[in-house]
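For reference, the structure is listed below as structure tokens.
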Amino acid sequence: MKFRTLLRHLREGMKNIFRNGWMTFASIAAVTTTLILVAVFLALVLNLDQMARNIEQDVQISTLIDLTAEEDEIVELGEEIEQIDGVAEVQFSSNDNELESLIDSMGDEGQAWIMLEQDNPLNHVYIVEAAVPEETEAVADQISELDSVEDVLYGQEVVERLFQFTNYARAIGLVLIVALVFTAIFLISNTIKITIIARSTEIGIQKLVGATNSFIRWPFFVEGALLGILGSITPIAVIVGGYYYIYHNLPSIMENFRFIDLLPFNPFAWQLSGMVLLIGAVIGVWGSVMSVRKFLKV
């Protein structure tokens, strides 16, 4: 495409924006509202995914070693656990360390356990992390079959519910985002349809003098892209301002919920803004393509 032709398409696309007046304004306003919702859901889904990954990475398997196991049997057990497929890391924790952790976790009430230091009844423990959190149960089942293992603890019910919740949250978030994107496409498509109908006579004259289909379509593609881009300006401002406020104030408000770890403002807010701008442009062009194919008889 020649540069002069490209400029002509850009001019025509911009003229269409101003020519439609209130319809353009209504379309941009509707797209803006939709993209704000898309941006909010994207931010929520991506941060929920990050928090879910953090929680999943903290899932550990506590392998209680038989109290009667000798030192060489304990070492052999550790080597066998390391050889299991799906095991990422194995750490040994003595019963003294376990008792100390128990006392620390119970605060003032834990002082009552200090008397057990001389005759520690707790097991030595191997703390195991699975390479893939979703394989925790499978790894735990294999560990439980090894010799010198008294019990395997990993909060089975909690872990299963956690993985179910994170999968549902990701799926629901994705469905909502896709639905909102298609809503925006529909809105832009309707605006382009009105433009096509209003210019049907002009389009017919262009065909009579030899204009190609692509020559006629391009200004509508430009118009759709501009509608999408203009509709993304306010959502981007909302993202940058809103996420900046939340990122710097939420930790102090939610100090009792340490697991809430938001993605860093920089670069996340700017990356999300770029995604919204790209989504706006893409759905604008896509809406134009849908309208032109269905309603532009050339």
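All residue names refer to the structure tokens as shown: chains lettered A, B, ... in order, residues numbered from 1 in each chain, ligands numbered from 1 in order.
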Skipping near chain neighbours, those fewer than 4 positions away, what residues fall within 10 Å of Gln91 (chain A) using only C-alpha atoms, listed as a PyMOL selection string? chain A and resi 62+78+82+125-129
As a short mmCIF file (atom, residue, chain, number, x, y, z; two decimals) with N, CA and C atoms, in the first residue's frame, which residues of region 42-154 of chain A does DSSP assign to strand (DSSP E or B)?
data_model
loop_
_atom_site.label_atom_id
_atom_site.label_comp_id
_atom_site.auth_asym_id
_atom_site.auth_seq_id
_atom_site.Cartn_x
_atom_site.Cartn_y
_atom_site.Cartn_z
N ILE A 61 5.14 -31.30 52.07
CA ILE A 61 4.81 -32.62 52.61
C ILE A 61 5.72 -32.87 53.81
N SER A 62 5.10 -33.05 54.98
CA SER A 62 5.87 -33.36 56.18
C SER A 62 5.90 -34.88 56.35
N THR A 63 7.09 -35.45 56.18
CA THR A 63 7.26 -36.89 56.31
C THR A 63 7.79 -37.21 57.71
N LEU A 64 6.92 -37.77 58.55
CA LEU A 64 7.31 -38.11 59.92
C LEU A 64 8.09 -39.42 59.90
N ILE A 65 9.31 -39.39 60.42
CA ILE A 65 10.19 -40.56 60.42
C ILE A 65 9.89 -41.41 61.65
N VAL A 87 9.81 -34.84 42.88
CA VAL A 87 10.31 -34.19 44.10
C VAL A 87 11.31 -33.10 43.72
N ALA A 88 11.07 -31.88 44.21
CA ALA A 88 11.94 -30.76 43.88
C ALA A 88 12.99 -30.52 44.95
N GLU A 89 12.59 -30.67 46.22
CA GLU A 89 13.51 -30.36 47.31
C GLU A 89 13.16 -31.19 48.55
N VAL A 90 14.22 -31.61 49.25
CA VAL A 90 14.04 -32.38 50.48
C VAL A 90 14.90 -31.76 51.57
N GLN A 91 14.29 -31.43 52.71
CA GLN A 91 15.03 -30.85 53.83
C GLN A 91 14.77 -31.66 55.09
N PHE A 92 15.84 -31.89 55.84
CA PHE A 92 15.71 -32.64 57.09
C PHE A 92 15.50 -31.67 58.24
N SER A 93 14.56 -32.00 59.12
CA SER A 93 14.30 -31.19 60.31
C SER A 93 14.28 -32.13 61.52
N VAL A 125 11.74 -35.14 60.93
CA VAL A 125 10.85 -34.91 59.78
C VAL A 125 11.67 -34.59 58.53
N TYR A 126 11.22 -35.12 57.40
CA TYR A 126 11.72 -34.68 56.09
C TYR A 126 10.64 -33.79 55.48
N ILE A 127 11.01 -32.56 55.18
CA ILE A 127 10.08 -31.62 54.56
C ILE A 127 10.31 -31.67 53.05
N VAL A 128 9.27 -32.05 52.31
CA VAL A 128 9.41 -32.31 50.87
C VAL A 128 8.55 -31.33 50.08
N GLU A 129 9.12 -30.81 49.01
CA GLU A 129 8.37 -29.94 48.09
C GLU A 129 8.29 -30.62 46.73
N ALA A 130 7.08 -30.65 46.17
CA ALA A 130 6.90 -31.23 44.84
C ALA A 130 7.28 -30.21 43.77
N VAL A 149 8.88 -44.72 57.40
CA VAL A 149 7.96 -43.59 57.37
C VAL A 149 6.78 -43.89 58.29
N GLU A 150 6.58 -43.06 59.29
CA GLU A 150 5.47 -43.26 60.23
C GLU A 150 4.18 -42.63 59.71
N ASP A 151 4.28 -41.43 59.14
CA ASP A 151 3.08 -40.76 58.62
C ASP A 151 3.50 -39.68 57.63
N VAL A 152 2.58 -39.33 56.76
CA VAL A 152 2.81 -38.27 55.77
C VAL A 152 1.69 -37.26 55.90
N LEU A 153 2.05 -35.99 56.14
CA LEU A 153 1.07 -34.94 56.36
C LEU A 153 1.27 -33.81 55.34
#
Between region 216-293 of chain A and region 184-187 of chain A, at 7 Å or less, what are the per-residue closest atom pairs and their distances in Å? Count only C-alpha atoms, order by chain and rising residue number, and return it as JSON lines.
{"residue": "A:Ile283", "atom": "CA", "partner": "A:Ile185", "partner_atom": "CA", "distance": 5.2}
{"residue": "A:Gly284", "atom": "CA", "partner": "A:Ile185", "partner_atom": "CA", "distance": 6.5}
{"residue": "A:Trp286", "atom": "CA", "partner": "A:Ile185", "partner_atom": "CA", "distance": 6.8}
{"residue": "A:Gly287", "atom": "CA", "partner": "A:Ile185", "partner_atom": "CA", "distance": 4.8}
Length of the CA of Gln83 (chain A) to CA of Pro133 (chain A) vector [Å]: 17.3 Å
Where does region 116-179 of chain A meet region 38-45 of chain A within 12 Å, residue by residue, with the nearest atom pair and distance in Å to one decimal for each, counting only C-alpha atoms, listed by chain and rising number, as a Markdown table?
| residue | atom | partner | partner_atom | distance |
| --- | --- | --- | --- | --- |
| A:Thr166 | CA | A:Val45 | CA | 9.9 |
| A:Asn167 | CA | A:Val45 | CA | 11.1 |
| A:Tyr168 | CA | A:Val45 | CA | 11.0 |
| A:Ala169 | CA | A:Val45 | CA | 7.4 |
| A:Arg170 | CA | A:Val45 | CA | 6.4 |
| A:Ala171 | CA | A:Val45 | CA | 9.4 |
| A:Ile172 | CA | A:Val45 | CA | 9.0 |
| A:Gly173 | CA | A:Val45 | CA | 5.8 |
| A:Leu174 | CA | A:Val45 | CA | 7.9 |
| A:Val175 | CA | A:Phe41 | CA | 10.3 |
| A:Leu176 | CA | A:Phe41 | CA | 7.7 |
| A:Ile177 | CA | A:Val38 | CA | 5.6 |
| A:Val178 | CA | A:Val38 | CA | 8.6 |
| A:Ala179 | CA | A:Val38 | CA | 9.2 |
In terms of the shortest atom-to-atom distance over only C-alpha atoms, which of A:Ser189, A:Asn266, A:Ser148, A:Thr24 is closest to Ile74 (chain A)? A:Ser148
Which residues are close to Asp147 (chain A), i.e. within 10 Å by only C-alpha atoms, leaving aside same-chain residues fewer than 4 positions away? Reply as a ChimeraX atom specification. /A:65-66,69,73-74,76-77,80,143
Could you please take those selected residues and save N, CA, C and O atoms as a PDB file, in the first residue's frame?
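And here's out_21.pdb as it stands now:
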ATOM      1  N   ILE A  65       9.314 -39.390  60.416  1.00  0.00           N
ATOM      2  CA  ILE A  65      10.190 -40.559  60.420  1.00  0.00           C
ATOM      3  C   ILE A  65       9.890 -41.413  61.648  1.00  0.00           C
ATOM      4  O   ILE A  65       9.702 -40.891  62.760  1.00  0.00           O
ATOM      5  N   ASP A  66       9.868 -42.714  61.429  1.00  0.00           N
ATOM      6  CA  ASP A  66       9.604 -43.650  62.525  1.00  0.00           C
ATOM      7  C   ASP A  66      10.556 -43.393  63.690  1.00  0.00           C
ATOM      8  O   ASP A  66      11.759 -43.222  63.500  1.00  0.00           O
ATOM      9  N   ALA A  69      13.641 -45.601  63.916  1.00  0.00           N
ATOM     10  CA  ALA A  69      14.602 -45.630  62.813  1.00  0.00           C
ATOM     11  C   ALA A  69      15.993 -45.229  63.282  1.00  0.00           C
ATOM     12  O   ALA A  69      16.151 -44.269  64.048  1.00  0.00           O
ATOM     13  N   GLU A  73      19.284 -45.480  58.614  1.00  0.00           N
ATOM     14  CA  GLU A  73      17.979 -45.667  57.968  1.00  0.00           C
ATOM     15  C   GLU A  73      17.350 -44.315  57.627  1.00  0.00           C
ATOM     16  O   GLU A  73      16.684 -44.179  56.588  1.00  0.00           O
ATOM     17  N   ILE A  74      17.566 -43.334  58.481  1.00  0.00           N
ATOM     18  CA  ILE A  74      17.059 -41.981  58.223  1.00  0.00           C
ATOM     19  C   ILE A  74      17.729 -41.390  56.985  1.00  0.00           C
ATOM     20  O   ILE A  74      17.071 -40.792  56.125  1.00  0.00           O
ATOM     21  N   GLU A  76      19.149 -43.081  54.537  1.00  0.00           N
ATOM     22  CA  GLU A  76      18.695 -43.857  53.371  1.00  0.00           C
ATOM     23  C   GLU A  76      17.305 -43.406  52.929  1.00  0.00           C
ATOM     24  O   GLU A  76      17.026 -43.313  51.726  1.00  0.00           O
ATOM     25  N   LEU A  77      16.446 -43.130  53.904  1.00  0.00           N
ATOM     26  CA  LEU A  77      15.095 -42.660  53.573  1.00  0.00           C
ATOM     27  C   LEU A  77      15.166 -41.341  52.806  1.00  0.00           C
ATOM     28  O   LEU A  77      14.446 -41.155  51.813  1.00  0.00           O
ATOM     29  N   GLU A  80      16.085 -41.999  49.261  1.00  0.00           N
ATOM     30  CA  GLU A  80      14.977 -42.600  48.508  1.00  0.00           C
ATOM     31  C   GLU A  80      13.935 -41.557  48.124  1.00  0.00           C
ATOM     32  O   GLU A  80      13.377 -41.599  47.016  1.00  0.00           O
ATOM     33  N   ILE A 143       5.771 -41.523  48.954  1.00  0.00           N
ATOM     34  CA  ILE A 143       6.596 -41.423  50.166  1.00  0.00           C
ATOM     35  C   ILE A 143       6.030 -42.311  51.269  1.00  0.00           C
ATOM     36  O   ILE A 143       6.776 -42.971  52.008  1.00  0.00           O
TER      37      ILE A 143
END
Could you check how far CA of Leu272 (chain A) sits from CA of Pro219 (chain A), in Å to one decimal?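 Value for the CA of Leu272 (chain A)-CA of Pro219 (chain A) distance: 28.3 Å.
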So, counting only C-alpha atoms, which residue among A:Val240, A:Val59, A:Val282, A:Ile194 is closest to Glu160 (chain A)?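 Distance minimum relative to Glu160 (chain A) lands on A:Val59.
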Which one of A:Ser214, A:Ser232, A:Ser94, A:Asn190 sits closest to Ser273 (chain A) if you count only C-alpha atoms?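 Among A:Ser214, A:Ser232, A:Ser94, A:Asn190, it is A:Ser232 that comes nearest to Ser273 (chain A).
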If you count only C-alpha atoms, the residue of A:His124, A:Gly86, A:Met290, A:Asp49 closest to Phe163 (chain A) turns out to be A:Asp49
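Coordinates place CA of Leu226 (chain A) at a distance of 7.0 Å from CA of Ala281 (chain A).
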